[in-house]
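See below for the structure under consideration.
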Amino acid sequence: MLSNSMASGVTRRSVLRAGVLGASGLCLADLLRAQAAGAVAKRGADDPSVILVWLDGGPPQHETYDPKPDATAEVRGPIGSIASAVPGVRVSELLPRHAAILDKVALLRSVHHDNDDHFTAAHWMLTGYSGPNGVNQTPVNPSFASILTRLKGVKRPGIPPYVGLPNTHTVGLPIGYHGAAYLGRTFDPFNADGDPNNPAYHATSLDLPAGVDVSRLDCRHQLLSRFDAARARIDKAAASGDLDRFQEAALGMLSGPEARAAFDLGQEPEVLRARYGRHTWGQSALLARRLVEAGVRFVTLTFGGWDWHSSIEKGMHNVLPVLDAAVATLIEDLSQRGLLESTIVLVMGEFGRSPRLNTGLPQDPIPGRDHNGRCMSVLVAGGGLAAGRTIGSSDPRGGAPADRPVRPQDIIATLYDRLGIDPETSFQDRTGRPIAIGSTGLVIPELAGGLV
């Protein structure tokens, strides 16, 4: 944390010029330069923010958003279903609060990409492109979150544009397919690591690097001052002033009061914190609401632990009540504050699960479900998109689309359309080839049709 003594003799400018941002590995100054250089695309009418709830590992559609109550037991699974606020639409019995607010969301029940590899599937869902696999896990394309950051830039001064909570990753890869790939680290998420449910939580990425204190900064300040006169004589270009301006703005994001206030969950009433759930997922969801309210453009919430090849009944009883509180309260809270129309909420993972229960694993011979990229469910809420409807359906076993198949790149194209971004926009990859950000995606009219 920056000391109060910074106010006397050690300025933000001197911190930046002494290399603190470099020591932190942060590149927000570069982001501001890119924005000022004309990187911002046309904006949507009201420029909504996005919250992505990433269910890392592959959530089962049967036990969440696409139950099959009339199927045989080995297809239906061990979890029952309940009616929802939308007539004729049922969800898992372990998602009662989802059921109550289903009129505020759309369920896509026919999403597919036909791949069962964690890495290929996650990359496809987050970028619109296939690529990595379990053997070669290296990210190839930028995530749609990083592309939004690249094209639309900072939404509000003093606030980072893209934040990852509680520890952004994809199937074990740090940042992974949520990152910027060939766009560069400037457009990776600001990783606000830690557990927001911890009473001592704060965004450690906002701290000065270990070993850097005000006295050290003051020494660097003295050293730099010796070069200032020579630099002033040699470099009088206007760009020099711009460099200082961008760097100072970048430090403002990382150490200024706006960002720190946004991360301060202590400002929230205990009753609301309890409603979100006093656990990592619930408090991360509450923090996501605070961040978009403060002006963050994109927040990714990584909720891991969905790879249930065995003991799926026990697993769902563990994770679904936690997810139910976090997601349903987030949508309710955004709605009550008048923020749901200006915030898109997505809930999805890399694939669904197999239509039949298996026999478990050798070390845990209790039934679960295996990977299935041929069918999954995605929840979408807010942003003026359609609500209170299901789009597409799965076959009677929940194993493949029955009608209106939707691809990951279609979801991404619909987001770009809502945000006023041309999907034909392209960037050069590492080989110099131009790659269109929209892949082969097509807008989903039934979802985009909710716009007024």
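Simple scheme: letters A, B, ... for chains in structure tokens order, numbers from 1 for residues in each chain, numbers from 1 for ligands in the order shown.
Excluding range 133-144 of chain A itself and any same-chain residue fewer than 6 positions from it, the protein and nucleic acid residues within 8 Å of it, counting only C-alpha atoms, are Asp117, His118, Phe119, Thr120, His123, Leu126, Thr127, Gly176, Tyr177, His178, Gly179, Ala180, Ala181, Tyr182, Leu183, Ile412, Asp429 and Ile437 of chain A.
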* Determine, counting only C-alpha atoms, which protein, DNA and RNA residues have an atom within 8 Å of an atom of Ala85 in chain A; residues of the same chain fewer than 3 positions away are not included. Present the result as a ChimeraX atom specification. => /A:89,99-103
* To do: Find the residues around range 380-382 of chain A up to 12 Å (only C-alpha atoms counted), leave out those fewer than 6 positions away in its own chain, and share them as a VMD selection string.
  => chain A and resid 48 to 53 65 98 101 to 109 327 to 328 330 to 335 338 to 348 388 to 391 411 to 412 414 to 415 418 447 to 448 450 to 451
* Name all residues at most 9 Å from range 302-311 of chain A (count only C-alpha atoms; drop same-chain ones fewer than 2 positions away) and give them as a PyMOL selection string. => chain A and resi 52-60+164-171+280-281+300+313-316+319+323+349+353+357-361+364-371
* Can you work out the spacing between CA of Ala285 in chain A and CA of Gly383 in chain A in Å, to one decimal? => 17.1 Å
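The shortest atom-to-atom distance to Gly80 in chain A, with only C-alpha atoms taken into account, belongs to A:His317 out of A:His112, A:His317, A:Val299, A:Pro445.
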* **Closest of A:Pro355, A:Gly158, A:Gly184, A:Gly194 to Gln428 in chain A - atom-to-atom distances counting only C-alpha atoms** => A:Gly184
* To do: Mind giving me the straight-line distance from CA of Asp193 in chain A to CA of Arg97 in chain A in Å, one decimal?
  => 27.9 Å
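For range 97-167 of chain A, a DSSP pass over the backbone yields alpha helix (DSSP H) at A:Arg97, A:His98, A:Ala99, A:Ala100, A:His118, A:Phe119, A:Thr120, A:Ala121, A:Ala122, A:His123, A:Trp124, A:Met125, A:Leu126, A:Thr127, A:Phe144, A:Ala145, A:Ser146, A:Ile147, A:Leu148, A:Thr149, A:Arg150, A:Leu151, A:Lys152.
The two atoms in question, CA of His62 in chain A and CA of Arg275 in chain A, are spaced 25.8 Å apart.
Considering only C-alpha atoms, the residue among A:Thr425, A:Phe190, A:Ile159, A:Ala203 positioned nearest to Ala294 in chain A is A:Ile159.
The shortest atom-to-atom distance to Ser394 in chain A, with only C-alpha atoms taken into account, belongs to A:Gly352 out of A:Pro161, A:Pro408, A:Gly352, A:Gly432.
The smallest atom-to-atom distance between Pro196 in chain A and any of A:Val271, A:Leu286, A:Ile175, A:Val86, using only C-alpha atoms, is found for A:Leu286.
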* **Pick from A:His279, A:Ile312, A:Tyr201, A:Pro189 nearest to Phe263 in chain A, counting only C-alpha atoms** => A:Tyr201
